[in-house]
Amino acid sequence: MIPNVRKIAEKCNTDISAALHIRYAEPMSAHTTFKTGGKAALFFEPETEAALAALLAILRDAGTDWFILGGGSNIVVSDEGFDIPVISTRRLRHITLERTARSTADGLLLRCGAGSSFDDICRYCERHALGGLEDFAGLPGTAGGAAYMNARCYGVSISDVLHSAHSISGETGRQTAYICSPDDWDYKRSPFQQTKEIITEVCFRVRELSAQEQQQSREHAAARIADRMSKGHFDWPSAGSVFKNNRAFGKPTGKIIEEAGLRGISEGGAQVAPWHGNFIVNTGAATAADIRRLVSRVAREVYEQTGFRLECEIIFCGAGAAQPDSLQP
């Protein structure tokens, strides 16, 4: 449990109240695309990087760990919620275009706060005639979360369009500017996943579009959104693809799950989507436990039928959270 909850909150209210929003017993179901999860005893929303840095210093002094939340689009929060503070980056959502000589070699740089949604980013690009991010149109979640997970859409990974990122060390408070190096990244993996660095800003490479290119860009982005809708991405609460694809399997994971006869099966209120084998949806009253049981069941049955060991893409987090048993090596 969080030591001295009130003392931590009082310290925050005294030192950084103007740029920090604090909530108590906040339901995580309101902050995840699965619409499940228990409560966070302390829920923080800093508005600036300085407020985030000050908050981290207070939490370090209090001797408590924390959980960083982006758009909540790739996680399953346990039914017990969090027994450590949750820090949401959603208010770090500035978007600015950098036009300097320094950025010329890489094209223009679009600076996005970690909490910027891809809906906002793509709208900004359309208004300012900028191209390069069309494949991410309709992607749920935030810039920071996408960088952390190295999100991949239609064959394009975030690392393919990323120039740099700014972060704060959760351990020391040191601020770092990271320049993207391809060697640091892999399929659905980023250099941030094994560190206590908290992404505060992401810089994407973009380019100016001609009038003709603007129309093509709009059509490209609209086609990506339409494709997501046709695949049922927004029909029910979910976290998108549950398992990673593995080229060694010879076909997409969703196809493997469908061929195993698992499309449409359910555990409690969680169901493998009838239209897509690699989606699990909340049909209305799913718990985190339901989702975990269903993920484990799918992975176990696929392994028994094919020998393929699926790797989970969604993250199970919160008090008592653990990777589903059948995914353990």
# chains A, B, ... in the order shown; residues from 1 in each chain; ligands from 1
call {"tool": "residues_around", "arguments": {"residues": "Glu201 of chain A", "least_positions_apart": "4", "cutoff": "8 Å", "atoms": "only C-alpha atoms", "output": "MDAnalysis selection string"}}
result
chainID A and resid 111:114 143:144 165:167
call {"tool": "closest_atom_pairs", "arguments": {"of": "segment 209-280 of chain A", "to": "segment 119-125 of chain A", "cutoff": "12 Å", "atoms": "only C-alpha atoms", "output": "Markdown table"}}
result
| residue | atom | partner | partner_atom | distance |
| --- | --- | --- | --- | --- |
| A:Leu209 | CA | A:Cys125 | CA | 9.9 |
| A:Gln214 | CA | A:Cys125 | CA | 9.8 |
| A:Ser217 | CA | A:Cys125 | CA | 9.5 |
| A:Arg218 | CA | A:Cys122 | CA | 9.7 |
| A:His220 | CA | A:Cys122 | CA | 11.5 |
| A:Ala221 | CA | A:Cys122 | CA | 8.3 |
| A:Ala222 | CA | A:Cys122 | CA | 10.6 |
| A:Arg224 | CA | A:Cys122 | CA | 11.8 |
| A:Ile225 | CA | A:Asp119 | CA | 10.4 |
call {"tool": "write_last_selection", "arguments": {"atoms": "C-alpha atoms", "output": "compact mmCIF listing (two decimals), in the first residue's frame"}}
result
# COMPACT_ATOMS: atom_id res chain seq x y z
CA LEU A 209 3.06 18.49 -48.63
CA GLN A 214 -2.37 16.96 -49.24
CA SER A 217 -2.48 12.29 -47.49
CA ARG A 218 -6.10 12.87 -46.41
CA HIS A 220 -4.48 7.72 -47.05
CA ALA A 221 -5.36 8.61 -43.45
CA ALA A 222 -9.10 8.19 -44.08
CA ARG A 224 -6.56 3.66 -42.49
CA ILE A 225 -9.38 4.80 -40.21
call {"tool": "closest_atom_pairs", "arguments": {"of": "segment 84-201 of chain A", "to": "segment 60-72 of chain A", "cutoff": "8 Å", "atoms": "only C-alpha atoms", "output": "JSON lines"}}
result
{"residue": "A:Ile84", "atom": "CA", "partner": "A:Trp66", "partner_atom": "CA", "distance": 5.3}
{"residue": "A:Pro85", "atom": "CA", "partner": "A:Trp66", "partner_atom": "CA", "distance": 4.9}
{"residue": "A:Val86", "atom": "CA", "partner": "A:Phe67", "partner_atom": "CA", "distance": 4.8}
{"residue": "A:Ile87", "atom": "CA", "partner": "A:Ile68", "partner_atom": "CA", "distance": 4.9}
{"residue": "A:Ser88", "atom": "CA", "partner": "A:Leu69", "partner_atom": "CA", "distance": 4.6}
{"residue": "A:Thr89", "atom": "CA", "partner": "A:Gly70", "partner_atom": "CA", "distance": 5.6}
{"residue": "A:Arg90", "atom": "CA", "partner": "A:Gly70", "partner_atom": "CA", "distance": 6.2}
{"residue": "A:Ala114", "atom": "CA", "partner": "A:Gly70", "partner_atom": "CA", "distance": 7.6}
{"residue": "A:Gly115", "atom": "CA", "partner": "A:Gly70", "partner_atom": "CA", "distance": 6.2}
{"residue": "A:Ser117", "atom": "CA", "partner": "A:Gly71", "partner_atom": "CA", "distance": 7.6}
{"residue": "A:Pro140", "atom": "CA", "partner": "A:Gly71", "partner_atom": "CA", "distance": 7.3}
{"residue": "A:Gly141", "atom": "CA", "partner": "A:Gly71", "partner_atom": "CA", "distance": 4.2}
{"residue": "A:Thr142", "atom": "CA", "partner": "A:Gly71", "partner_atom": "CA", "distance": 5.3}
{"residue": "A:Gly144", "atom": "CA", "partner": "A:Gly70", "partner_atom": "CA", "distance": 6.7}
{"residue": "A:Gly145", "atom": "CA", "partner": "A:Gly70", "partner_atom": "CA", "distance": 5.5}
{"residue": "A:Glu171", "atom": "CA", "partner": "A:Arg60", "partner_atom": "CA", "distance": 7.6}
{"residue": "A:Ile198", "atom": "CA", "partner": "A:Ile68", "partner_atom": "CA", "distance": 7.6}
call {"tool": "write_last_selection", "arguments": {"atoms": "N, CA and C atoms", "output": "PDB file, in the first residue's frame"}}
result
ATOM      1  N   ILE A  84       0.066   1.503  -5.778  1.00  0.00           N
ATOM      2  CA  ILE A  84       1.080   2.543  -5.910  1.00  0.00           C
ATOM      3  C   ILE A  84       0.448   3.704  -6.675  1.00  0.00           C
ATOM      4  N   PRO A  85       0.996   4.913  -6.577  1.00  0.00           N
ATOM      5  CA  PRO A  85       0.415   6.043  -7.305  1.00  0.00           C
ATOM      6  C   PRO A  85       0.460   5.824  -8.816  1.00  0.00           C
ATOM      7  N   VAL A  86      -0.545   6.340  -9.488  1.00  0.00           N
ATOM      8  CA  VAL A  86      -0.601   6.322 -10.946  1.00  0.00           C
ATOM      9  C   VAL A  86      -0.374   7.742 -11.442  1.00  0.00           C
ATOM     10  N   ILE A  87       0.516   7.890 -12.414  1.00  0.00           N
ATOM     11  CA  ILE A  87       0.806   9.197 -13.004  1.00  0.00           C
ATOM     12  C   ILE A  87       0.376   9.157 -14.462  1.00  0.00           C
ATOM     13  N   SER A  88      -0.623   9.948 -14.804  1.00  0.00           N
ATOM     14  CA  SER A  88      -1.097  10.027 -16.183  1.00  0.00           C
ATOM     15  C   SER A  88      -0.367  11.158 -16.911  1.00  0.00           C
ATOM     16  N   THR A  89       0.056  10.884 -18.131  1.00  0.00           N
ATOM     17  CA  THR A  89       0.732  11.914 -18.943  1.00  0.00           C
ATOM     18  C   THR A  89      -0.232  12.627 -19.887  1.00  0.00           C
ATOM     19  N   ARG A  90      -1.527  12.382 -19.771  1.00  0.00           N
ATOM     20  CA  ARG A  90      -2.473  12.887 -20.766  1.00  0.00           C
ATOM     21  C   ARG A  90      -2.514  14.408 -20.882  1.00  0.00           C
ATOM     22  N   ALA A 114       4.087  13.778 -24.541  1.00  0.00           N
ATOM     23  CA  ALA A 114       3.854  12.338 -24.414  1.00  0.00           C
ATOM     24  C   ALA A 114       2.372  11.995 -24.360  1.00  0.00           C
ATOM     25  N   GLY A 115       1.550  12.911 -23.862  1.00  0.00           N
ATOM     26  CA  GLY A 115       0.120  12.640 -23.737  1.00  0.00           C
ATOM     27  C   GLY A 115      -0.700  13.006 -24.951  1.00  0.00           C
ATOM     28  N   SER A 117      -2.682  12.653 -28.211  1.00  0.00           N
ATOM     29  CA  SER A 117      -3.328  11.520 -28.873  1.00  0.00           C
ATOM     30  C   SER A 117      -3.002  11.551 -30.362  1.00  0.00           C
ATOM     31  N   PRO A 140      -5.393   4.301 -31.348  1.00  0.00           N
ATOM     32  CA  PRO A 140      -5.723   4.772 -29.998  1.00  0.00           C
ATOM     33  C   PRO A 140      -4.448   4.934 -29.184  1.00  0.00           C
ATOM     34  N   GLY A 141      -4.527   5.705 -28.129  1.00  0.00           N
ATOM     35  CA  GLY A 141      -3.354   5.869 -27.285  1.00  0.00           C
ATOM     36  C   GLY A 141      -2.635   7.176 -27.542  1.00  0.00           C
ATOM     37  N   THR A 142      -1.452   7.296 -26.978  1.00  0.00           N
ATOM     38  CA  THR A 142      -0.709   8.547 -26.973  1.00  0.00           C
ATOM     39  C   THR A 142       0.663   8.376 -27.623  1.00  0.00           C
ATOM     40  N   GLY A 144       3.585   9.104 -26.335  1.00  0.00           N
ATOM     41  CA  GLY A 144       4.525   8.485 -25.411  1.00  0.00           C
ATOM     42  C   GLY A 144       4.339   6.991 -25.310  1.00  0.00           C
ATOM     43  N   GLY A 145       3.087   6.556 -25.205  1.00  0.00           N
ATOM     44  CA  GLY A 145       2.798   5.131 -25.125  1.00  0.00           C
ATOM     45  C   GLY A 145       3.188   4.403 -26.398  1.00  0.00           C
ATOM     46  N   GLU A 171      14.522   7.515 -11.381  1.00  0.00           N
ATOM     47  CA  GLU A 171      15.432   7.222 -10.272  1.00  0.00           C
ATOM     48  C   GLU A 171      16.226   8.439  -9.813  1.00  0.00           C
ATOM     49  N   ILE A 198      11.002   8.024 -18.072  1.00  0.00           N
ATOM     50  CA  ILE A 198       9.607   8.376 -18.348  1.00  0.00           C
ATOM     51  C   ILE A 198       9.581   9.335 -19.526  1.00  0.00           C
TER      52      ILE A 198
END
call {"tool": "select_by_dssp", "arguments": {"residues": "segment 139-203 of chain A", "states": "strand (DSSP E or B)", "output": "list in words"}}
result
Thr142, Arg152, Cys153, Val156, Ser157, Leu162, His163, Ser164, Ala165, His166, Ser167, Ile168, Ser169, Gln175, Thr176, Ala177, Tyr178, Ile179, Asp186, Arg189, Glu197, Ile198, Ile199, Thr200, Glu201, Val202 and Cys203 of chain A
call {"tool": "atom_distance", "arguments": {"atom1": "atom CA of Thr33 of chain A", "atom2": "atom CA of Thr287 of chain A"}}
result
13.0 Å
call {"tool": "residues_around", "arguments": {"residues": "Arg247 of chain A", "least_positions_apart": "5", "cutoff": "12 Å", "atoms": "only C-alpha atoms", "output": "list in words"}}
result
Tyr187, Pro252, Thr253, Phe308 and Leu310 of chain A
call {"tool": "write_last_selection", "arguments": {"atoms": "C-alpha atoms", "output": "CSV table (one decimal), in the first residue's frame"}}
result
chain,number,residue,atom,x,y,z
A,187,TYR,CA,9.4,-5.4,-33.4
A,252,PRO,CA,-0.7,-13.7,-38.6
A,253,THR,CA,-1.5,-14.7,-35.0
A,308,PHE,CA,3.4,-22.2,-31.1
A,310,LEU,CA,2.1,-16.9,-28.3
call {"tool": "residues_around", "arguments": {"residues": "Asp83 of chain A", "least_positions_apart": "3", "cutoff": "12 Å", "atoms": "only C-alpha atoms", "output": "JSON list (two decimals) with C-alpha atoms, in the first residue's frame"}}
result
[["chain", "number", "residue", "atom", "x", "y", "z"],
["A", 1, "MET", "CA", 0.00, 0.00, 0.00],
["A", 2, "ILE", "CA", 1.03, 3.63, -0.46],
["A", 3, "PRO", "CA", 2.65, 4.97, 2.71],
["A", 5, "VAL", "CA", -1.22, 8.88, 1.17],
["A", 24, "TYR", "CA", -8.32, 9.86, -4.86],
["A", 25, "ALA", "CA", -9.71, 6.34, -5.38],
["A", 26, "GLU", "CA", -9.83, 6.95, -9.13],
["A", 38, "GLY", "CA", -9.99, -1.33, -10.00],
["A", 39, "LYS", "CA", -9.12, 1.98, -8.38],
["A", 40, "ALA", "CA", -5.90, 3.93, -7.93],
["A", 41, "ALA", "CA", -5.58, 5.29, -4.40],
["A", 42, "LEU", "CA", -3.67, 8.28, -5.79],
["A", 43, "PHE", "CA", -4.00, 9.45, -9.38],
["A", 64, "THR", "CA", 7.07, 4.64, -3.11],
["A", 65, "ASP", "CA", 7.11, 3.37, -6.68],
["A", 66, "TRP", "CA", 4.62, 4.55, -9.32],
["A", 67, "PHE", "CA", 2.95, 3.54, -12.58],
["A", 77, "VAL", "CA", -5.47, -3.16, -14.94],
["A", 78, "SER", "CA", -6.16, -5.75, -12.24],
["A", 79, "ASP", "CA", -9.53, -5.76, -10.50],
["A", 80, "GLU", "CA", -7.68, -4.73, -7.31],
["A", 86, "VAL", "CA", -0.60, 6.32, -10.95],
["A", 317, "CYS", "CA", -0.61, -4.40, -14.46],
["A", 318, "GLY", "CA", -1.84, -3.32, -11.06],
["A", 319, "ALA", "CA", -1.93, -4.99, -7.64],
["A", 320, "GLY", "CA", -1.49, -8.74, -7.92],
["A", 321, "ALA", "CA", -1.16, -8.63, -11.72]]
call {"tool": "residues_around", "arguments": {"residues": "Leu110 of chain A", "least_positions_apart": "2", "cutoff": "8 Å", "atoms": "only C-alpha atoms", "output": "list in words"}}
result
Ile95, Thr96, Leu97, Glu98, Leu108, Cys112, Cys203, Phe204, Arg205 and Val206 of chain A
call {"tool": "select_by_dssp", "arguments": {"residues": "segment 76-187 of chain A", "states": "helix (DSSP H, G or I)", "output": "short mmCIF file (atom, residue, chain, number, x, y, z; two decimals) with all heavy atoms, in the first residue's frame"}}
result
data_model
loop_
_atom_site.label_atom_id
_atom_site.label_comp_id
_atom_site.auth_asym_id
_atom_site.auth_seq_id
_atom_site.Cartn_x
_atom_site.Cartn_y
_atom_site.Cartn_z
N ALA A 101 17.42 25.14 -38.81
CA ALA A 101 18.45 24.60 -39.69
C ALA A 101 18.91 23.23 -39.19
O ALA A 101 19.25 22.35 -39.97
CB ALA A 101 19.64 25.56 -39.75
N ARG A 102 18.89 23.07 -37.88
CA ARG A 102 19.34 21.82 -37.29
C ARG A 102 18.49 20.64 -37.73
O ARG A 102 18.97 19.52 -37.83
CB ARG A 102 19.31 21.94 -35.76
CG ARG A 102 19.77 20.68 -35.04
CD ARG A 102 19.95 20.97 -33.55
NE ARG A 102 18.72 21.46 -32.95
CZ ARG A 102 17.74 20.65 -32.53
NH1 ARG A 102 17.87 19.36 -32.66
NH2 ARG A 102 16.67 21.16 -31.97
N SER A 103 17.21 20.89 -38.00
CA SER A 103 16.33 19.77 -38.34
C SER A 103 16.21 19.55 -39.84
O SER A 103 15.55 18.62 -40.27
CB SER A 103 14.93 20.03 -37.77
OG SER A 103 14.33 21.13 -38.43
N THR A 104 16.88 20.38 -40.65
CA THR A 104 16.70 20.30 -42.09
C THR A 104 17.09 18.94 -42.66
O THR A 104 16.40 18.39 -43.52
CB THR A 104 17.52 21.40 -42.79
OG1 THR A 104 17.08 22.67 -42.31
CG2 THR A 104 17.33 21.34 -44.29
N ALA A 105 18.19 18.38 -42.18
CA ALA A 105 18.67 17.11 -42.72
C ALA A 105 17.65 15.99 -42.54
O ALA A 105 17.59 15.06 -43.33
CB ALA A 105 19.99 16.73 -42.07
N ASP A 106 16.87 16.07 -41.51
CA ASP A 106 15.89 15.03 -41.22
C ASP A 106 14.48 15.45 -41.60
O ASP A 106 13.52 14.78 -41.26
CB ASP A 106 15.93 14.68 -39.73
CG ASP A 106 17.28 14.11 -39.32
OD1 ASP A 106 17.66 13.07 -39.86
OD2 ASP A 106 17.94 14.73 -38.48
N PHE A 118 -3.08 10.40 -31.01
CA PHE A 118 -2.82 10.37 -32.44
C PHE A 118 -3.94 11.02 -33.23
O PHE A 118 -3.72 11.48 -34.35
CB PHE A 118 -2.52 8.95 -32.92
CG PHE A 118 -1.07 8.61 -32.80
CD1 PHE A 118 -0.58 8.04 -31.64
CD2 PHE A 118 -0.18 8.92 -33.81
CE1 PHE A 118 0.76 7.76 -31.49
CE2 PHE A 118 1.17 8.65 -33.67
CZ PHE A 118 1.64 8.07 -32.51
N ASP A 119 -5.13 11.09 -32.67
CA ASP A 119 -6.19 11.86 -33.31
C ASP A 119 -5.78 13.32 -33.40
O ASP A 119 -5.90 13.96 -34.46
CB ASP A 119 -7.50 11.73 -32.53
CG ASP A 119 -8.18 10.40 -32.76
OD1 ASP A 119 -7.81 9.69 -33.71
OD2 ASP A 119 -9.09 10.06 -31.98
N ASP A 120 -5.26 13.88 -32.30
CA ASP A 120 -4.83 15.28 -32.30
C ASP A 120 -3.61 15.47 -33.20
O ASP A 120 -3.51 16.48 -33.92
CB ASP A 120 -4.50 15.73 -30.88
CG ASP A 120 -5.74 15.92 -30.03
OD1 ASP A 120 -6.85 16.00 -30.60
OD2 ASP A 120 -5.61 15.99 -28.79
N ILE A 121 -2.68 14.54 -33.16
CA ILE A 121 -1.47 14.66 -33.98
C ILE A 121 -1.82 14.65 -35.47
O ILE A 121 -1.32 15.47 -36.25
CB ILE A 121 -0.49 13.52 -33.64
CG1 ILE A 121 0.07 13.70 -32.22
CG2 ILE A 121 0.66 13.48 -34.65
CD1 ILE A 121 0.84 12.50 -31.72
N CYS A 122 -2.69 13.72 -35.86
CA CYS A 122 -3.05 13.63 -37.28
C CYS A 122 -3.88 14.82 -37.74
O CYS A 122 -3.75 15.28 -38.87
CB CYS A 122 -3.77 12.31 -37.54
SG CYS A 122 -2.68 10.86 -37.43
N ARG A 123 -4.73 15.35 -36.85
CA ARG A 123 -5.47 16.56 -37.20
C ARG A 123 -4.52 17.74 -37.38
O ARG A 123 -4.69 18.55 -38.29
CB ARG A 123 -6.51 16.87 -36.12
CG ARG A 123 -7.80 16.07 -36.26
CD ARG A 123 -8.92 16.66 -35.41
NE ARG A 123 -8.65 16.51 -33.99
CZ ARG A 123 -9.10 15.48 -33.25
NH1 ARG A 123 -9.80 14.52 -33.83
NH2 ARG A 123 -8.83 15.42 -31.97
N TYR A 124 -3.52 17.84 -36.51
CA TYR A 124 -2.52 18.91 -36.63
C TYR A 124 -1.80 18.78 -37.97
O TYR A 124 -1.60 19.78 -38.68
CB TYR A 124 -1.53 18.83 -35.48
CG TYR A 124 -0.50 19.93 -35.46
CD1 TYR A 124 -0.65 21.03 -34.62
CD2 TYR A 124 0.64 19.89 -36.27
CE1 TYR A 124 0.29 22.06 -34.59
CE2 TYR A 124 1.58 20.90 -36.26
CZ TYR A 124 1.40 21.98 -35.41
OH TYR A 124 2.33 23.00 -35.41
N CYS A 125 -1.41 17.57 -38.33
CA CYS A 125 -0.72 17.37 -39.60
C CYS A 125 -1.59 17.76 -40.78
O CYS A 125 -1.11 18.39 -41.75
CB CYS A 125 -0.30 15.91 -39.73
SG CYS A 125 1.09 15.43 -38.66
N GLU A 126 -2.87 17.43 -40.72
CA GLU A 126 -3.76 17.78 -41.83
C GLU A 126 -3.91 19.30 -41.94
O GLU A 126 -3.87 19.86 -43.04
CB GLU A 126 -5.13 17.13 -41.64
CG GLU A 126 -6.09 17.43 -42.79
CD GLU A 126 -7.41 16.70 -42.67
OE1 GLU A 126 -7.53 15.84 -41.78
OE2 GLU A 126 -8.31 16.99 -43.47
N ARG A 127 -4.08 19.98 -40.80
CA ARG A 127 -4.25 21.44 -40.82
C ARG A 127 -3.00 22.15 -41.34
O ARG A 127 -3.10 23.20 -41.99
CB ARG A 127 -4.57 21.97 -39.41
CG ARG A 127 -5.95 21.66 -38.91
CD ARG A 127 -6.32 22.55 -37.74
NE ARG A 127 -5.35 22.50 -36.67
CZ ARG A 127 -5.39 21.63 -35.66
NH1 ARG A 127 -6.38 20.73 -35.60
NH2 ARG A 127 -4.48 21.64 -34.71
N GLU A 134 0.56 9.23 -41.69
CA GLU A 134 -0.78 8.81 -42.09
C GLU A 134 -1.14 7.39 -41.65
O GLU A 134 -2.30 7.11 -41.34
CB GLU A 134 -0.93 8.91 -43.62
CG GLU A 134 -0.89 10.32 -44.17
CD GLU A 134 0.53 10.82 -44.44
OE1 GLU A 134 1.50 10.09 -44.07
OE2 GLU A 134 0.67 11.91 -45.01
N ASP A 135 -0.14 6.50 -41.61
CA ASP A 135 -0.45 5.12 -41.24
C ASP A 135 -0.88 4.98 -39.79
O ASP A 135 -1.44 3.93 -39.40
CB ASP A 135 0.78 4.23 -41.49
CG ASP A 135 0.99 3.94 -42.97
OD1 ASP A 135 0.02 3.56 -43.64
OD2 ASP A 135 2.12 4.12 -43.45
N PHE A 136 -0.66 6.00 -38.98
CA PHE A 136 -1.04 5.95 -37.57
C PHE A 136 -2.39 6.62 -37.31
O PHE A 136 -2.81 6.73 -36.15
CB PHE A 136 0.06 6.59 -36.71
CG PHE A 136 1.37 5.86 -36.81
CD1 PHE A 136 2.35 6.29 -37.68
CD2 PHE A 136 1.59 4.71 -36.07
CE1 PHE A 136 3.55 5.60 -37.80
CE2 PHE A 136 2.79 4.01 -36.18
CZ PHE A 136 3.78 4.46 -37.05
N ALA A 143 1.29 9.52 -27.90
CA ALA A 143 2.61 9.51 -28.53
C ALA A 143 3.62 8.81 -27.63
O ALA A 143 4.44 8.01 -28.10
CB ALA A 143 3.06 10.94 -28.83
N GLY A 144 3.59 9.10 -26.33
CA GLY A 144 4.52 8.49 -25.41
C GLY A 144 4.34 6.99 -25.31
O GLY A 144 5.31 6.22 -25.32
N GLY A 145 3.09 6.56 -25.21
CA GLY A 145 2.80 5.13 -25.13
C GLY A 145 3.19 4.40 -26.40
O GLY A 145 3.71 3.28 -26.35
N ALA A 146 2.94 5.03 -27.55
CA ALA A 146 3.30 4.41 -28.82
C ALA A 146 4.80 4.26 -28.95
O ALA A 146 5.29 3.26 -29.47
CB ALA A 146 2.75 5.24 -29.98
N ALA A 147 5.55 5.27 -28.46
CA ALA A 147 7.01 5.17 -28.50
C ALA A 147 7.50 4.08 -27.54
O ALA A 147 8.38 3.29 -27.87
CB ALA A 147 7.64 6.51 -28.16
N TYR A 148 6.91 4.04 -26.37
CA TYR A 148 7.31 3.03 -25.37
C TYR A 148 7.11 1.62 -25.92
O TYR A 148 7.95 0.74 -25.72
CB TYR A 148 6.48 3.22 -24.10
CG TYR A 148 6.80 2.23 -23.01
CD1 TYR A 148 7.85 2.46 -22.12
CD2 TYR A 148 6.06 1.06 -22.87
CE1 TYR A 148 8.15 1.54 -21.11
CE2 TYR A 148 6.36 0.14 -21.88
CZ TYR A 148 7.40 0.39 -21.00
OH TYR A 148 7.69 -0.53 -20.02
N MET A 149 5.99 1.39 -26.60
CA MET A 149 5.68 0.05 -27.12
C MET A 149 6.22 -0.17 -28.53
O MET A 149 6.12 -1.27 -29.06
CB MET A 149 4.16 -0.15 -27.14
CG MET A 149 3.50 -0.17 -25.78
SD MET A 149 4.13 -1.47 -24.69
CE MET A 149 3.72 -2.95 -25.62
N ILE A 158 6.72 2.91 -35.07
CA ILE A 158 7.02 4.24 -34.56
C ILE A 158 8.51 4.56 -34.75
O ILE A 158 8.89 5.68 -35.09
CB ILE A 158 6.64 4.36 -33.08
CG1 ILE A 158 5.12 4.50 -32.94
CG2 ILE A 158 7.33 5.54 -32.41
CD1 ILE A 158 4.55 5.81 -33.46
N SER A 159 9.37 3.57 -34.56
CA SER A 159 10.80 3.80 -34.72
C SER A 159 11.18 4.20 -36.14
O SER A 159 12.24 4.80 -36.35
CB SER A 159 11.59 2.55 -34.31
OG SER A 159 11.15 1.41 -35.02
N ASP A 160 10.30 3.91 -37.11
CA ASP A 160 10.57 4.30 -38.50
C ASP A 160 10.37 5.80 -38.72
O ASP A 160 10.90 6.36 -39.69
CB ASP A 160 9.66 3.53 -39.45
CG ASP A 160 9.92 2.03 -39.45
OD1 ASP A 160 11.09 1.65 -39.25
OD2 ASP A 160 8.97 1.26 -39.63
N VAL A 161 9.57 6.44 -37.88
CA VAL A 161 9.26 7.86 -38.07
C VAL A 161 9.77 8.71 -36.90
O VAL A 161 9.61 9.93 -36.90
CB VAL A 161 7.74 8.07 -38.24
CG1 VAL A 161 7.26 7.39 -39.52
CG2 VAL A 161 6.96 7.56 -37.04
N PRO A 182 18.44 3.01 -34.88
CA PRO A 182 17.71 1.79 -35.26
C PRO A 182 18.13 0.55 -34.47
O PRO A 182 17.32 -0.35 -34.25
CB PRO A 182 18.04 1.63 -36.75
CG PRO A 182 18.36 3.02 -37.21
CD PRO A 182 19.04 3.68 -36.05
N ASP A 183 19.38 0.51 -34.03
CA ASP A 183 19.86 -0.66 -33.29
C ASP A 183 19.18 -0.83 -31.94
O ASP A 183 19.25 -1.92 -31.35
CB ASP A 183 21.38 -0.57 -33.09
CG ASP A 183 22.15 -0.68 -34.39
OD1 ASP A 183 21.58 -1.18 -35.37
OD2 ASP A 183 23.33 -0.25 -34.42
N ASP A 184 18.55 0.23 -31.44
CA ASP A 184 17.92 0.17 -30.12
C ASP A 184 16.50 -0.40 -30.16
O ASP A 184 15.90 -0.62 -29.11
CB ASP A 184 17.83 1.58 -29.52
CG ASP A 184 19.20 2.20 -29.27
OD1 ASP A 184 20.17 1.43 -29.15
OD2 ASP A 184 19.28 3.43 -29.20
#
call {"tool": "closest_residue", "arguments": {"among": "A:Gly307, A:Gly81, A:Gly170, A:Gly232", "to": "Trp275 of chain A", "atoms": "only C-alpha atoms"}}
result
A:Gly232
call {"tool": "closest_residue", "arguments": {"among": "A:Glu313, A:Glu219, A:Glu259, A:Asp15", "to": "Ala239 of chain A", "atoms": "only C-alpha atoms"}}
result
A:Glu313
call {"tool": "residues_around", "arguments": {"residues": "Arg292 of chain A", "least_positions_apart": "3", "cutoff": "12 Å", "atoms": "only C-alpha atoms", "output": "tab-separated table (two decimals) with C-alpha atoms, in the first residue's frame"}}
result
chain	number	residue	atom	x	y	z
A	36	THR	CA	-11.94	-2.53	-16.74
A	37	GLY	CA	-9.77	-2.30	-13.64
A	75	ILE	CA	-3.09	-2.51	-20.73
A	76	VAL	CA	-5.31	-4.60	-18.47
A	77	VAL	CA	-5.47	-3.16	-14.94
A	78	SER	CA	-6.16	-5.75	-12.24
A	79	ASP	CA	-9.53	-5.76	-10.50
A	242	VAL	CA	-3.71	-9.19	-27.82
A	266	SER	CA	-15.58	-16.32	-23.93
A	267	GLU	CA	-14.74	-16.24	-20.25
A	268	GLY	CA	-17.23	-14.24	-18.24
A	269	GLY	CA	-17.70	-10.89	-19.99
A	270	ALA	CA	-14.53	-11.23	-22.09
A	271	GLN	CA	-14.81	-12.68	-25.58
A	272	VAL	CA	-12.48	-13.40	-28.50
A	280	ILE	CA	-10.48	-9.76	-27.09
A	281	VAL	CA	-13.42	-7.51	-26.30
A	282	ASN	CA	-15.33	-6.49	-23.21
A	286	ALA	CA	-15.81	-8.11	-18.23
A	287	THR	CA	-13.37	-8.11	-15.34
A	288	ALA	CA	-9.61	-8.13	-15.58
A	289	ALA	CA	-9.73	-11.70	-14.29
A	295	VAL	CA	-5.84	-14.88	-22.77
A	296	SER	CA	-4.44	-17.91	-20.93
A	297	ARG	CA	-7.01	-20.23	-22.49
A	298	VAL	CA	-6.30	-19.02	-26.03
A	299	ALA	CA	-2.53	-19.30	-25.57
A	312	CYS	CA	1.27	-11.28	-25.22
A	314	ILE	CA	-1.05	-6.23	-23.91
A	315	ILE	CA	0.38	-5.54	-20.45
A	316	PHE	CA	-1.22	-6.87	-17.27
A	317	CYS	CA	-0.61	-4.40	-14.46
A	321	ALA	CA	-1.16	-8.63	-11.72
A	322	ALA	CA	0.80	-11.40	-13.39
A	323	GLN	CA	1.36	-12.72	-16.86
A	324	PRO	CA	-1.20	-15.42	-17.73
A	325	ASP	CA	0.08	-18.81	-16.63
A	326	SER	CA	0.10	-20.43	-20.06
A	327	LEU	CA	2.41	-17.71	-21.42
call {"tool": "atom_distance", "arguments": {"atom1": "atom CA of Gly261 of chain A", "atom2": "atom CA of Pro274 of chain A"}}
result
10.7 Å
call {"tool": "closest_residue", "arguments": {"among": "A:Cys12, A:Ala19, A:Ala151, A:Leu55", "to": "Asp186 of chain A", "atoms": "only C-alpha atoms"}}
result
A:Ala151
call {"tool": "atom_distance", "arguments": {"atom1": "atom CA of Arg6 of chain A", "atom2": "atom CA of Arg91 of chain A"}}
result
23.1 Å
call {"tool": "closest_residue", "arguments": {"among": "A:Gly132, A:Gly107, A:Pro237, A:Gly173", "to": "Ala285 of chain A", "atoms": "only C-alpha atoms"}}
result
A:Pro237
call {"tool": "residues_around", "arguments": {"residues": "Gly254 of chain A", "least_positions_apart": "4", "cutoff": "7 Å", "atoms": "only C-alpha atoms", "output": "list in words"}}
result
Glu258, His276, Gly277 and Asn278 of chain A
